[in-house]
$ cat my_file.txt   # compact mmCIF, C-alpha atoms (C1' of nucleotides)
# COMPACT_ATOMS: atom_id res chain seq x y z
CA MET A 1 -10.50 67.09 55.48
CA ASP A 2 -8.64 63.82 55.25
CA GLU A 3 -7.35 64.12 58.76
CA ASP A 4 -7.99 60.46 59.32
CA LYS A 5 -6.06 59.30 56.29
CA GLN A 6 -2.95 57.28 57.03
CA ASP A 7 0.23 59.11 56.29
CA HIS A 8 3.79 57.88 56.31
CA VAL A 9 4.17 58.32 60.05
CA ASP A 10 0.88 56.55 60.76
CA ARG A 11 2.19 53.52 58.93
CA ILE A 12 5.36 53.54 61.02
CA LEU A 13 3.32 53.74 64.23
CA ALA A 14 1.06 50.90 63.09
CA GLN A 15 4.10 48.72 62.53
CA TRP A 16 5.41 49.44 66.00
CA ARG A 17 2.01 48.73 67.56
CA ARG A 18 1.97 45.36 65.88
CA GLU A 19 5.54 44.44 66.75
CA ARG A 20 5.85 46.11 70.13
CA PRO A 21 2.39 46.69 71.59
CA ASP A 22 4.04 47.43 74.93
CA LEU A 23 5.44 50.73 73.68
CA ASP A 24 3.52 54.01 73.90
CA VAL A 25 4.28 55.57 70.56
CA GLU A 26 2.21 58.75 70.76
CA PRO A 27 5.29 60.95 71.30
CA MET A 28 7.00 59.16 68.42
CA GLY A 29 4.23 60.33 66.12
CA ILE A 30 4.71 63.94 67.09
CA LEU A 31 8.49 63.87 66.96
CA GLY A 32 8.51 61.87 63.75
CA ARG A 33 6.23 64.31 61.98
CA LEU A 34 8.21 67.22 63.32
CA LYS A 35 11.42 65.78 61.92
CA ARG A 36 9.99 64.94 58.52
CA LEU A 37 8.33 68.32 58.25
CA GLY A 38 11.58 70.02 59.17
CA THR A 39 13.41 68.11 56.47
CA HIS A 40 10.85 69.01 53.82
CA LEU A 41 10.78 72.66 54.81
CA GLY A 42 14.56 72.84 54.95
CA ARG A 43 14.79 71.56 51.39
CA GLU A 44 12.18 74.02 50.14
CA VAL A 45 13.98 76.90 51.80
CA GLU A 46 17.36 75.80 50.47
CA ALA A 47 16.03 75.65 46.93
CA VAL A 48 14.93 79.28 46.93
CA LEU A 49 18.09 80.63 48.54
CA LEU A 50 20.18 78.72 46.03
CA LYS A 51 18.71 80.88 43.28
CA HIS A 52 20.39 83.82 45.00
CA GLY A 53 23.70 82.03 45.24
CA LEU A 54 23.35 81.29 48.95
CA SER A 55 23.16 78.19 51.08
CA THR A 56 20.92 78.23 54.13
CA SER A 57 24.07 78.47 56.24
CA SER A 58 25.39 81.47 54.37
CA PHE A 59 22.03 83.15 54.38
CA ASP A 60 21.69 82.72 58.13
CA VAL A 61 24.88 84.63 58.74
CA LEU A 62 24.14 87.39 56.24
CA ALA A 63 20.60 87.73 57.56
CA THR A 64 21.84 87.97 61.14
CA LEU A 65 24.17 90.80 60.13
CA ARG A 66 21.46 92.53 58.11
CA ARG A 67 18.82 92.51 60.81
CA SER A 68 21.28 93.69 63.46
CA GLY A 69 21.01 97.10 61.78
CA ALA A 70 23.68 99.58 60.72
CA PRO A 71 26.63 99.35 60.61
CA HIS A 72 25.92 95.64 59.98
CA ARG A 73 28.87 94.37 61.94
CA LEU A 74 29.02 91.65 64.59
CA SER A 75 31.80 89.57 66.08
CA PRO A 76 31.91 85.82 65.39
CA GLY A 77 30.97 85.34 69.02
CA GLU A 78 27.84 87.45 68.64
CA LEU A 79 26.93 85.56 65.47
CA LEU A 80 27.44 82.32 67.35
CA GLU A 81 24.97 83.25 70.06
CA MET A 82 22.25 83.66 67.48
CA THR A 83 22.74 80.60 65.32
CA MET A 84 22.97 77.31 67.28
CA VAL A 85 26.21 76.19 65.64
CA SER A 86 29.68 75.48 66.96
CA SER A 87 32.54 77.95 66.79
CA GLY A 88 34.28 75.86 64.16
CA THR A 89 31.20 75.92 61.98
CA MET A 90 30.97 79.68 62.29
CA THR A 91 34.62 80.11 61.29
CA ASN A 92 33.95 77.95 58.27
CA ARG A 93 30.85 79.95 57.31
CA ILE A 94 32.67 83.24 57.61
CA ASP A 95 35.59 81.93 55.55
CA GLN A 96 33.24 81.08 52.71
CA LEU A 97 31.36 84.35 52.85
CA GLU A 98 34.64 86.26 52.91
CA LYS A 99 35.92 84.32 49.91
CA ALA A 100 32.69 85.13 48.07
CA GLY A 101 33.03 88.83 48.92
CA PHE A 102 29.86 89.05 51.01
CA VAL A 103 31.58 89.97 54.28
CA GLU A 104 34.99 91.13 55.43
CA ARG A 105 36.90 90.61 58.64
CA ILE A 106 37.82 93.87 60.32
CA VAL A 107 40.28 93.89 63.20
CA ASN A 108 38.80 95.06 66.45
CA PRO A 109 41.15 97.71 67.84
CA ASP A 110 39.63 97.37 71.33
CA ASP A 111 40.23 93.62 71.63
CA ARG A 112 42.71 91.97 69.41
CA ARG A 113 41.48 88.48 70.20
CA SER A 114 38.33 89.46 68.46
CA VAL A 115 37.36 90.57 65.01
CA LEU A 116 34.31 92.16 63.43
CA ILE A 117 32.45 90.59 60.54
CA ALA A 118 31.09 93.33 58.31
CA LEU A 119 28.61 93.07 55.45
CA THR A 120 30.10 94.37 52.21
CA ASP A 121 27.93 96.33 49.77
CA LYS A 122 27.70 93.18 47.71
CA GLY A 123 26.70 91.19 50.77
CA PHE A 124 24.09 93.74 51.73
CA ALA A 125 22.57 93.82 48.25
CA THR A 126 22.52 90.04 48.06
CA VAL A 127 20.86 89.46 51.40
CA GLU A 128 18.38 92.26 50.77
CA GLU A 129 17.17 90.49 47.66
CA ALA A 130 17.35 87.04 49.16
CA VAL A 131 15.36 87.89 52.25
CA GLY A 132 12.48 89.14 50.13
CA ALA A 133 12.35 85.89 48.19
CA HIS A 134 12.82 83.91 51.38
CA VAL A 135 9.89 85.56 53.16
CA ALA A 136 7.68 85.13 50.11
CA ASN A 137 8.67 81.48 50.05
CA GLN A 138 7.82 81.08 53.72
CA GLN A 139 4.39 82.51 53.04
CA ARG A 140 3.93 80.07 50.21
CA LEU A 141 4.97 77.16 52.42
CA THR A 142 2.42 78.09 55.08
CA ARG A 143 -0.37 79.08 52.73
CA ASN A 144 -2.52 76.04 53.47
CA LEU A 145 -2.67 76.76 57.19
CA THR A 146 -5.55 78.93 58.32
CA ALA A 147 -4.95 81.97 60.51
CA GLU A 148 -6.22 79.94 63.47
CA ASP A 149 -3.92 77.05 62.61
CA LYS A 150 -0.94 79.35 62.43
CA ALA A 151 -1.71 80.99 65.75
CA ALA A 152 -2.26 77.66 67.49
CA PHE A 153 0.81 76.15 65.90
CA ASP A 154 3.02 79.03 66.87
CA ARG A 155 1.76 78.95 70.44
CA LEU A 156 2.50 75.24 70.74
CA LEU A 157 5.90 75.56 69.13
CA LYS A 158 6.81 78.38 71.47
CA LYS A 159 5.71 76.43 74.50
CA PHE A 160 7.52 73.30 73.42
CA LEU A 161 10.65 75.22 72.47
CA SER A 162 10.74 76.92 75.86
CA ASP A 163 11.65 73.56 77.40
CA PHE A 164 14.98 73.71 75.60
CA GLU A 165 16.07 77.33 75.67
CA MET B 1 2.13 80.80 81.59
CA ASP B 2 4.83 83.08 80.21
CA GLU B 3 3.44 82.78 76.73
CA ASP B 4 4.06 86.46 76.22
CA LYS B 5 7.71 86.32 77.23
CA GLN B 6 10.16 87.07 74.44
CA ASP B 7 12.10 84.07 73.30
CA HIS B 8 14.98 83.83 70.90
CA VAL B 9 12.77 83.81 67.82
CA ASP B 10 10.74 86.80 69.08
CA ARG B 11 13.94 88.81 69.26
CA ILE B 12 14.81 87.88 65.69
CA LEU B 13 11.35 88.92 64.49
CA ALA B 14 11.58 92.22 66.39
CA GLN B 15 14.85 92.98 64.63
CA TRP B 16 13.32 92.32 61.24
CA ARG B 17 10.29 94.47 62.05
CA ARG B 18 12.60 97.34 62.91
CA GLU B 19 14.85 96.92 59.90
CA ARG B 20 12.34 95.75 57.32
CA PRO B 21 8.83 96.77 58.43
CA ASP B 22 7.62 95.93 54.93
CA LEU B 23 8.12 92.19 55.48
CA ASP B 24 5.41 89.96 56.95
CA VAL B 25 7.40 87.78 59.29
CA GLU B 26 4.65 85.66 60.84
CA PRO B 27 5.58 82.56 58.82
CA MET B 28 9.22 83.16 59.73
CA GLY B 29 8.29 82.82 63.38
CA ILE B 30 6.65 79.47 62.85
CA LEU B 31 9.36 78.08 60.60
CA GLY B 32 12.13 79.45 62.79
CA ARG B 33 10.72 77.83 65.91
CA LEU B 34 10.15 74.60 64.04
CA LYS B 35 13.76 74.51 62.94
CA ARG B 36 15.21 75.34 66.33
CA LEU B 37 12.95 72.84 68.04
CA GLY B 38 13.97 70.18 65.56
CA THR B 39 17.63 70.85 66.24
CA HIS B 40 17.16 70.64 70.00
CA LEU B 41 15.11 67.47 69.79
CA GLY B 42 17.55 65.89 67.37
CA ARG B 43 20.39 66.47 69.80
CA GLU B 44 18.46 65.04 72.72
CA VAL B 45 17.56 61.95 70.73
CA GLU B 46 21.12 61.48 69.51
CA ALA B 47 22.46 61.64 73.06
CA VAL B 48 20.32 58.75 74.24
CA LEU B 49 20.99 56.54 71.22
CA LEU B 50 24.71 57.15 71.61
CA LYS B 51 24.58 55.34 74.95
CA HIS B 52 23.55 52.25 72.99
CA GLY B 53 26.36 52.68 70.49
CA LEU B 54 24.10 53.99 67.75
CA SER B 55 23.81 57.20 65.78
CA THR B 56 20.38 58.44 64.81
CA SER B 57 21.14 57.32 61.27
CA SER B 58 22.07 53.81 62.31
CA PHE B 59 19.12 53.55 64.62
CA ASP B 60 16.72 54.61 61.87
CA VAL B 61 17.81 51.72 59.69
CA LEU B 62 17.80 49.12 62.46
CA ALA B 63 14.42 50.35 63.69
CA THR B 64 12.98 50.14 60.19
CA LEU B 65 14.12 46.53 59.92
CA ARG B 66 12.85 45.71 63.41
CA ARG B 67 9.38 47.11 62.96
CA SER B 68 8.97 45.45 59.55
CA GLY B 69 8.54 42.21 61.50
CA ALA B 70 10.11 38.79 61.01
CA PRO B 71 12.27 37.86 59.22
CA HIS B 72 13.58 41.43 59.62
CA ARG B 73 14.88 41.74 56.11
CA LEU B 74 14.38 44.53 53.61
CA SER B 75 16.15 45.58 50.45
CA PRO B 76 18.08 48.86 50.37
CA GLY B 77 15.35 50.18 48.10
CA GLU B 78 12.64 49.38 50.62
CA LEU B 79 14.70 51.01 53.35
CA LEU B 80 15.12 54.04 51.12
CA GLU B 81 11.39 54.51 50.69
CA MET B 82 10.96 54.82 54.44
CA THR B 83 13.78 57.13 55.36
CA MET B 84 13.99 60.30 53.24
CA VAL B 85 17.64 59.88 52.34
CA SER B 86 19.48 59.38 49.06
CA SER B 87 20.61 56.01 47.79
CA GLY B 88 24.24 56.89 48.43
CA THR B 89 23.44 57.72 52.04
CA MET B 90 21.66 54.41 52.48
CA THR B 91 24.61 52.49 51.05
CA ASN B 92 26.85 54.28 53.49
CA ARG B 93 24.58 53.52 56.43
CA ILE B 94 24.38 49.86 55.54
CA ASP B 95 28.16 49.67 55.15
CA GLN B 96 28.63 50.93 58.67
CA LEU B 97 26.02 48.68 60.18
CA GLU B 98 27.51 45.71 58.38
CA LYS B 99 30.99 46.60 59.63
CA ALA B 100 29.60 46.83 63.18
CA GLY B 101 27.91 43.45 62.82
CA PHE B 102 24.34 44.72 63.20
CA VAL B 103 23.17 43.67 59.75
CA GLU B 104 24.35 41.49 56.91
CA ARG B 105 23.88 41.66 53.18
CA ILE B 106 22.22 38.57 51.77
CA VAL B 107 22.09 38.01 48.04
CA ASN B 108 18.61 37.97 46.61
CA PRO B 109 18.32 34.86 44.45
CA ASP B 110 15.27 36.26 42.64
CA ASP B 111 16.94 39.49 41.52
CA ARG B 112 20.66 39.72 41.46
CA ARG B 113 20.66 43.51 41.12
CA SER B 114 19.21 43.54 44.55
CA VAL B 115 20.26 42.41 47.98
CA LEU B 116 18.54 41.88 51.29
CA ILE B 117 19.64 43.64 54.46
CA ALA B 118 19.04 41.34 57.41
CA LEU B 119 19.22 42.13 61.12
CA THR B 120 21.75 39.93 62.87
CA ASP B 121 21.05 38.63 66.37
CA LYS B 122 23.35 41.31 67.68
CA GLY B 123 21.52 43.94 65.66
CA PHE B 124 18.16 42.72 66.89
CA ALA B 125 19.25 42.74 70.53
CA THR B 126 20.77 46.19 70.17
CA VAL B 127 17.78 47.82 68.53
CA GLU B 128 15.40 46.11 70.96
CA GLU B 129 17.18 47.75 73.87
CA ALA B 130 17.68 51.04 72.10
CA VAL B 131 14.07 51.46 71.07
CA GLY B 132 12.92 51.12 74.67
CA ALA B 133 15.27 53.86 75.79
CA HIS B 134 14.35 55.93 72.76
CA VAL B 135 10.63 55.79 73.42
CA ALA B 136 11.16 56.61 77.09
CA ASN B 137 13.25 59.56 76.01
CA GLN B 138 10.54 60.75 73.64
CA GLN B 139 8.07 60.66 76.49
CA ARG B 140 10.44 62.68 78.63
CA LEU B 141 10.89 65.24 75.86
CA THR B 142 7.15 65.74 75.50
CA ARG B 143 6.28 65.57 79.21
CA ASN B 144 5.51 69.28 79.52
CA LEU B 145 2.83 69.18 76.86
CA THR B 146 -0.69 68.45 78.07
CA ALA B 147 -2.78 65.75 76.43
CA GLU B 148 -4.70 68.51 74.64
CA ASP B 149 -1.50 70.15 73.48
CA LYS B 150 -0.21 66.88 72.10
CA ALA B 151 -3.43 66.15 70.24
CA ALA B 152 -3.60 69.63 68.77
CA PHE B 153 0.07 69.63 67.89
CA ASP B 154 -0.13 66.29 66.16
CA ARG B 155 -3.19 67.35 64.18
CA LEU B 156 -1.44 70.50 62.97
CA LEU B 157 1.78 68.68 62.15
CA LYS B 158 -0.12 66.08 60.17
CA LYS B 159 -2.01 68.71 58.24
CA PHE B 160 1.11 70.73 57.52
CA LEU B 161 3.10 67.65 56.58
CA SER B 162 0.42 66.53 54.15
CA ASP B 163 1.38 69.48 51.92
CA PHE B 164 4.71 67.82 51.29
CA GLU B 165 4.05 64.11 51.06
C1' DG C 1 54.37 93.60 87.10
C1' DG C 2 54.35 88.58 86.50
C1' DA C 3 51.68 84.38 86.58
C1' DT C 4 47.20 82.27 86.08
C1' DT C 5 42.76 81.98 84.33
C1' DT C 6 39.41 83.28 81.10
C1' DT C 7 37.87 84.58 76.63
C1' DA C 8 37.68 84.70 71.42
C1' DT C 9 38.71 82.62 67.40
C1' DC C 10 40.61 79.21 64.49
C1' DT C 11 42.38 74.39 63.21
C1' DT C 12 41.97 69.54 62.70
C1' DG C 13 39.96 65.18 61.81
C1' DA C 14 35.88 62.57 61.58
C1' DC C 15 31.13 61.94 60.19
C1' DG C 16 26.64 62.15 57.58
C1' DT C 17 24.62 63.89 53.65
C1' DC C 18 23.68 64.65 48.69
C1' DA C 19 23.79 64.84 43.46
C1' DA C 20 25.48 62.79 39.65
C1' DG C 21 27.20 59.16 37.47
C1' DA C 22 28.91 54.09 37.13
C1' DT C 23 27.78 49.25 37.09
C1' DA C 24 25.15 45.25 36.88
C1' DT C 25 20.93 43.05 36.11
C1' DC C 26 16.31 42.55 34.67
C1' DT C 27 12.21 43.47 31.49
C1' DA C 28 9.97 44.22 27.30
C1' DC C 29 9.73 44.52 22.70
C1' DT C 30 10.93 43.07 18.03
C1' DA D 1 17.60 35.59 20.72
C1' DG D 2 19.02 40.33 20.74
C1' DT D 3 18.65 44.95 21.80
C1' DA D 4 16.81 49.11 24.35
C1' DG D 5 15.21 50.83 28.25
C1' DA D 6 14.24 50.47 33.16
C1' DT D 7 15.70 49.35 37.74
C1' DA D 8 18.71 48.51 42.02
C1' DT D 9 22.70 49.46 44.14
C1' DC D 10 27.11 51.44 44.72
C1' DT D 11 30.93 55.00 43.92
C1' DT D 12 32.81 59.49 43.86
C1' DG D 13 33.64 64.13 45.18
C1' DA D 14 31.98 68.04 47.54
C1' DC D 15 29.66 70.22 51.60
C1' DG D 16 28.26 71.40 56.30
C1' DT D 17 28.65 70.07 60.83
C1' DC D 18 30.75 68.98 65.34
C1' DA D 19 33.99 68.01 69.33
C1' DA D 20 38.29 68.71 70.93
C1' DG D 21 42.21 71.04 71.04
C1' DA D 22 45.49 74.98 69.52
C1' DT D 23 46.62 79.80 69.62
C1' DA D 24 46.57 84.36 71.02
C1' DA D 25 45.12 88.18 73.77
C1' DA D 26 42.80 90.06 77.79
C1' DA D 27 41.53 90.18 82.61
C1' DT D 28 42.42 88.97 87.22
C1' DC D 29 44.96 88.07 91.15
C1' DC D 30 48.84 88.08 94.17

$ encode --input "my_file.txt" --output "C-alpha cells"
Amino acid sequence: MDEDKQDHVDRILAQWRRERPDLDVEPMGILGRLKRLGTHLGREVEAVLLKHGLSTSSFDVLATLRRSGAPHRLSPGELLEMTMVSSGTMTNRIDQLEKAGFVERIVNPDDRRSVLIALTDKGFATVEEAVGAHVANQQRLTRNLTAEDKAAFDRLLKKFLSDFE
Amino acid sequence: MDEDKQDHVDRILAQWRRERPDLDVEPMGILGRLKRLGTHLGREVEAVLLKHGLSTSSFDVLATLRRSGAPHRLSPGELLEMTMVSSGTMTNRIDQLEKAGFVERIVNPDDRRSVLIALTDKGFATVEEAVGAHVANQQRLTRNLTAEDKAAFDRLLKKFLSDFE
DNA sequence: GGATTTTATCTTGACGTCAAGATATCTACT
DNA sequence: AGTAGATATCTTGACGTCAAGATAAAATCC
C-alpha cells in the first residue's frame, strides 16, 4: 500500500543521513510527521469552522462552554484549564467572542475578582451548528484509517501524550 | 499500564457524550490528542533551540540549508517548498537570519528575480551545534516509547500524512 | 482588624504567521 | 523586437499567541 514510498519527511531524513551520518534521526521522522500532520489537520479544521464564522480559537472556547452543560457558564480560569493557552490569550479570545455577541461577561457576586463567561442564545446556536459540521469534518479527515488503525493510533497517542500531562 | 486512566481528552469526550450523545466523537479523540501532543512537543523543542539562540522557525531554515549539503545555498523558493509556510513568512525568516548574521542574500546572476540564501560560517557553526542538541532532545522526548511503538507510530503517521501530501 | 500573600483577570509589547497584492524579471509567442 | 503571461520575491495589514507585569479582590496570618 505504498508504505515504502518516499514522502517529504523521508527525503529530509535521507539528506541528514548523507550529511550527518552520526545522527540517529528516527525520532526526527516521527516528530516531523507529527508536526506536518498537525499543520495539515489544523488547516482543514479551520476551513470548515470558518464557514460558520468561527476561528479554531473561538470555536474552542464556545465548544468548551457548550459541553460543560447548562447553564453554559465558566470562569476564564476554568476555560484556561481546558485549553492550553495563556491567560492573556484567553482574555483576548473572550473579548472577541463578546464583541461578536457569542458570549457575555457576567459579574460573579461571590468573588468579584472573577467573572463568568456565559454563552448567549446566538453563541449556543452557532456552536451547536458548528460542532456538527466539525465532527463530520473530523470523520472525513480520518476516513482512510481503518478501525484497527484508529484504535492503535489512539492508544499510541494517549501513551505518548501521558508523558507531558 | 494505565491505558484505561482518564486523561484530559477522555474528559472532553465524556462531556460531549453526555451533552450530545448523537455525535460520534472517536475521531475527535484522535485529533484532539494529536493537537495537544503537537503543542507539548513544539514547546519542548523550542526550549532547547532557544538555548542556542534560535527559534524553531529560524532553526528550520538553517537546518534546511545545512542538510542540503555544500555549498549550503538555496533560493527562497526552494526553502519554501520544504517548509510549509507562505512566501511572506519565508521573507520574514530570512530577514531575521540575515540581521543575525546567520545567512546572507547573494544575487543570482542567472536569474535576477531570484536570490540565493547562503549559510555564513557563523550560521553553519550555530546550526551544527543546535542540530546535535535538537536530535538528542528528540530522543529524550521519545524515550518512553518502545521500539515497537515507534515503528507502529511512524507507520500510522506516514499513512495518515499521505492523505494530505 | 490591618498587613501580607495569594488568586483571578487583564494589559502591554513583541513575535510568527498568513492572504493578498506589489514589484521586478524572465519566457514565450507573434 | 515587442508584448503578454508566468515566475520569484517582497510588502502590507491583520490575527493569534505568549511572557511579564499591572490591577483588584480575597484569604490568611498575626

$ closest_residue --input "my_file.txt" --among "B:Thr83, B:Ser68, B:Gln96, B:Thr89" --to "Leu54 in chain B" --atoms "all atoms listed in the file"
B:Gln96

$ calpha_fit_and_write --input "my_file.txt" --fixed "chain A" --moving "chain B" --output "CSV table (one decimal) with C-alpha atoms, in the coordinates of the input"
chain,number,residue,atom,x,y,z
B,1,MET,CA,-10.5,67.1,55.6
B,2,ASP,CA,-8.7,63.8,55.3
B,3,GLU,CA,-7.4,64.1,58.8
B,4,ASP,CA,-8.0,60.4,59.3
B,5,LYS,CA,-6.1,59.3,56.3
B,6,GLN,CA,-3.0,57.3,57.0
B,7,ASP,CA,0.2,59.1,56.3
B,8,HIS,CA,3.8,57.9,56.3
B,9,VAL,CA,4.2,58.3,60.1
B,10,ASP,CA,0.9,56.6,60.8
B,11,ARG,CA,2.2,53.5,58.9
B,12,ILE,CA,5.4,53.5,61.0
B,13,LEU,CA,3.3,53.7,64.2
B,14,ALA,CA,1.1,50.9,63.1
B,15,GLN,CA,4.1,48.7,62.5
B,16,TRP,CA,5.4,49.4,66.0
B,17,ARG,CA,2.0,48.7,67.5
B,18,ARG,CA,2.0,45.4,65.8
B,19,GLU,CA,5.5,44.5,66.7
B,20,ARG,CA,5.8,46.1,70.1
B,21,PRO,CA,2.4,46.7,71.6
B,22,ASP,CA,4.0,47.4,74.9
B,23,LEU,CA,5.4,50.7,73.6
B,24,ASP,CA,3.5,54.0,73.9
B,25,VAL,CA,4.3,55.6,70.5
B,26,GLU,CA,2.2,58.8,70.7
B,27,PRO,CA,5.3,61.0,71.3
B,28,MET,CA,7.0,59.2,68.4
B,29,GLY,CA,4.2,60.3,66.1
B,30,ILE,CA,4.7,63.9,67.1
B,31,LEU,CA,8.5,63.9,67.0
B,32,GLY,CA,8.5,61.9,63.7
B,33,ARG,CA,6.2,64.3,62.0
B,34,LEU,CA,8.2,67.2,63.3
B,35,LYS,CA,11.4,65.8,61.9
B,36,ARG,CA,10.0,65.0,58.5
B,37,LEU,CA,8.3,68.3,58.3
B,38,GLY,CA,11.6,70.0,59.2
B,39,THR,CA,13.4,68.1,56.5
B,40,HIS,CA,10.9,69.0,53.8
B,41,LEU,CA,10.8,72.7,54.8
B,42,GLY,CA,14.6,72.8,55.0
B,43,ARG,CA,14.8,71.6,51.4
B,44,GLU,CA,12.2,74.0,50.1
B,45,VAL,CA,14.0,76.9,51.8
B,46,GLU,CA,17.4,75.8,50.5
B,47,ALA,CA,16.0,75.7,46.9
B,48,VAL,CA,14.9,79.3,46.9
B,49,LEU,CA,18.1,80.6,48.5
B,50,LEU,CA,20.2,78.7,46.0
B,51,LYS,CA,18.7,80.9,43.3
B,52,HIS,CA,20.4,83.8,45.0
B,53,GLY,CA,23.7,82.0,45.2
B,54,LEU,CA,23.4,81.3,48.9
B,55,SER,CA,23.2,78.2,51.1
B,56,THR,CA,20.9,78.2,54.1
B,57,SER,CA,24.1,78.5,56.2
B,58,SER,CA,25.4,81.5,54.4
B,59,PHE,CA,22.0,83.1,54.4
B,60,ASP,CA,21.7,82.7,58.1
B,61,VAL,CA,24.9,84.6,58.7
B,62,LEU,CA,24.2,87.4,56.3
B,63,ALA,CA,20.6,87.7,57.6
B,64,THR,CA,21.9,88.0,61.1
B,65,LEU,CA,24.2,90.8,60.1
B,66,ARG,CA,21.5,92.5,58.1
B,67,ARG,CA,18.8,92.5,60.8
B,68,SER,CA,21.3,93.7,63.5
B,69,GLY,CA,21.0,97.1,61.8
B,70,ALA,CA,23.7,99.6,60.7
B,71,PRO,CA,26.6,99.3,60.6
B,72,HIS,CA,25.9,95.6,60.0
B,73,ARG,CA,28.9,94.4,61.9
B,74,LEU,CA,29.0,91.7,64.6
B,75,SER,CA,31.8,89.6,66.1
B,76,PRO,CA,31.9,85.8,65.4
B,77,GLY,CA,31.0,85.4,69.0
B,78,GLU,CA,27.8,87.5,68.6
B,79,LEU,CA,26.9,85.6,65.5
B,80,LEU,CA,27.5,82.3,67.4
B,81,GLU,CA,25.0,83.3,70.1
B,82,MET,CA,22.3,83.7,67.5
B,83,THR,CA,22.7,80.6,65.3
B,84,MET,CA,23.0,77.3,67.3
B,85,VAL,CA,26.2,76.2,65.7
B,86,SER,CA,29.7,75.5,67.0
B,87,SER,CA,32.5,78.0,66.8
B,88,GLY,CA,34.3,75.9,64.2
B,89,THR,CA,31.2,75.9,62.0
B,90,MET,CA,31.0,79.7,62.3
B,91,THR,CA,34.6,80.1,61.3
B,92,ASN,CA,34.0,78.0,58.3
B,93,ARG,CA,30.9,80.0,57.3
B,94,ILE,CA,32.7,83.3,57.6
B,95,ASP,CA,35.6,81.9,55.6
B,96,GLN,CA,33.2,81.1,52.7
B,97,LEU,CA,31.4,84.4,52.9
B,98,GLU,CA,34.6,86.3,52.9
B,99,LYS,CA,35.9,84.3,49.9
B,100,ALA,CA,32.7,85.1,48.1
B,101,GLY,CA,33.0,88.8,48.9
B,102,PHE,CA,29.9,89.0,51.0
B,103,VAL,CA,31.6,90.0,54.3
B,104,GLU,CA,35.0,91.1,55.4
B,105,ARG,CA,36.9,90.6,58.6
B,106,ILE,CA,37.8,93.9,60.3
B,107,VAL,CA,40.3,93.9,63.2
B,108,ASN,CA,38.8,95.1,66.4
B,109,PRO,CA,41.1,97.7,67.9
B,110,ASP,CA,39.6,97.3,71.3
B,111,ASP,CA,40.2,93.6,71.6
B,112,ARG,CA,42.7,92.0,69.4
B,113,ARG,CA,41.5,88.5,70.2
B,114,SER,CA,38.3,89.5,68.4
B,115,VAL,CA,37.4,90.6,65.0
B,116,LEU,CA,34.3,92.2,63.4
B,117,ILE,CA,32.5,90.6,60.5
B,118,ALA,CA,31.1,93.3,58.3
B,119,LEU,CA,28.6,93.1,55.4
B,120,THR,CA,30.1,94.4,52.2
B,121,ASP,CA,28.0,96.3,49.8
B,122,LYS,CA,27.7,93.2,47.7
B,123,GLY,CA,26.7,91.2,50.8
B,124,PHE,CA,24.1,93.7,51.7
B,125,ALA,CA,22.6,93.8,48.2
B,126,THR,CA,22.5,90.0,48.0
B,127,VAL,CA,20.9,89.4,51.4
B,128,GLU,CA,18.4,92.3,50.8
B,129,GLU,CA,17.2,90.5,47.6
B,130,ALA,CA,17.4,87.0,49.1
B,131,VAL,CA,15.4,87.9,52.2
B,132,GLY,CA,12.5,89.1,50.1
B,133,ALA,CA,12.4,85.9,48.2
B,134,HIS,CA,12.8,83.9,51.4
B,135,VAL,CA,9.9,85.6,53.2
B,136,ALA,CA,7.7,85.1,50.1
B,137,ASN,CA,8.7,81.5,50.1
B,138,GLN,CA,7.8,81.1,53.7
B,139,GLN,CA,4.4,82.5,53.0
B,140,ARG,CA,3.9,80.1,50.2
B,141,LEU,CA,5.0,77.2,52.4
B,142,THR,CA,2.4,78.1,55.1
B,143,ARG,CA,-0.4,79.1,52.7
B,144,ASN,CA,-2.5,76.0,53.5
B,145,LEU,CA,-2.7,76.8,57.2
B,146,THR,CA,-5.6,78.9,58.3
B,147,ALA,CA,-5.0,82.0,60.5
B,148,GLU,CA,-6.2,79.9,63.5
B,149,ASP,CA,-3.9,77.0,62.6
B,150,LYS,CA,-0.9,79.4,62.4
B,151,ALA,CA,-1.7,81.0,65.8
B,152,ALA,CA,-2.3,77.7,67.5
B,153,PHE,CA,0.8,76.1,65.9
B,154,ASP,CA,3.0,79.0,66.9
B,155,ARG,CA,1.7,79.0,70.5
B,156,LEU,CA,2.5,75.2,70.8
B,157,LEU,CA,5.9,75.6,69.1
B,158,LYS,CA,6.8,78.4,71.5
B,159,LYS,CA,5.7,76.4,74.5
B,160,PHE,CA,7.5,73.3,73.4
B,161,LEU,CA,10.6,75.2,72.5
B,162,SER,CA,10.7,76.9,75.9
B,163,ASP,CA,11.7,73.6,77.4
B,164,PHE,CA,15.0,73.7,75.6
B,165,GLU,CA,16.1,77.3,75.7

$ interface_residues --input "my_file.txt" --of "chain A" --to "chain D" --cutoff "8 Å" --atoms "only C-alpha atoms (C1' of nucleotides)" --output "compact mmCIF listing (two decimals) with C-alpha atoms, keeping the file's coordinate frame"
# COMPACT_ATOMS: atom_id res chain seq x y z
CA SER A 86 29.68 75.48 66.96
CA GLY A 88 34.28 75.86 64.16
CA THR A 89 31.20 75.92 61.98
CA ASP A 111 40.23 93.62 71.63
CA ARG A 112 42.71 91.97 69.41
CA ARG A 113 41.48 88.48 70.20

$ atom_distance --input "my_file.txt" --atom1 "CA of Asp22 in chain A" --atom2 "CA of Leu65 in chain B"
18.1 Å

$ interface_residues --input "my_file.txt" --of "chain C" --to "chain B" --cutoff "12 Å" --atoms "all atoms listed in the file" --output "list in words"
DC15, DG16, DT17, DC18, DA19, DA20, DG21, DT23, DA24, DT25, DC26 and DT27 of chain C

$ closest_residue --input "my_file.txt" --among "B:Arg140, B:Arg105, B:His72, B:Arg67" --to "chain A" --atoms "only C-alpha atoms"
B:Arg67

$ closest_residue --input "my_file.txt" --among "B:Glu46, B:Glu129, B:Glu19, B:Glu98" --to "chain A" --atoms "all atoms listed in the file"
B:Glu19

$ closest_residue --input "my_file.txt" --among "B:Val61, B:Leu80, B:Ala100, B:Leu34" --to "Val131 in chain B" --atoms "all atoms listed in the file"
B:Val61

$ atom_distance --input "my_file.txt" --atom1 "CA of Gly42 in chain B" --atom2 "CA of Val135 in chain A"
25.4 Å

$ closest_residue --input "my_file.txt" --among "A:Val48, A:Leu37, A:Leu97, A:Leu119" --to "chain B" --atoms "all atoms listed in the file"
A:Leu37

$ decode --input "my_file.txt" --residues "range 145-149 of chain B" --atoms "C-alpha atoms" --output "compact mmCIF listing (two decimals), in the first residue's frame"
# COMPACT_ATOMS: atom_id res chain seq x y z
CA LEU B 145 8.08 4.66 23.50
CA THR B 146 9.28 1.13 22.82
CA ALA B 147 10.91 0.23 19.52
CA GLU B 148 7.64 -1.42 18.51
CA ASP B 149 5.65 1.64 19.49
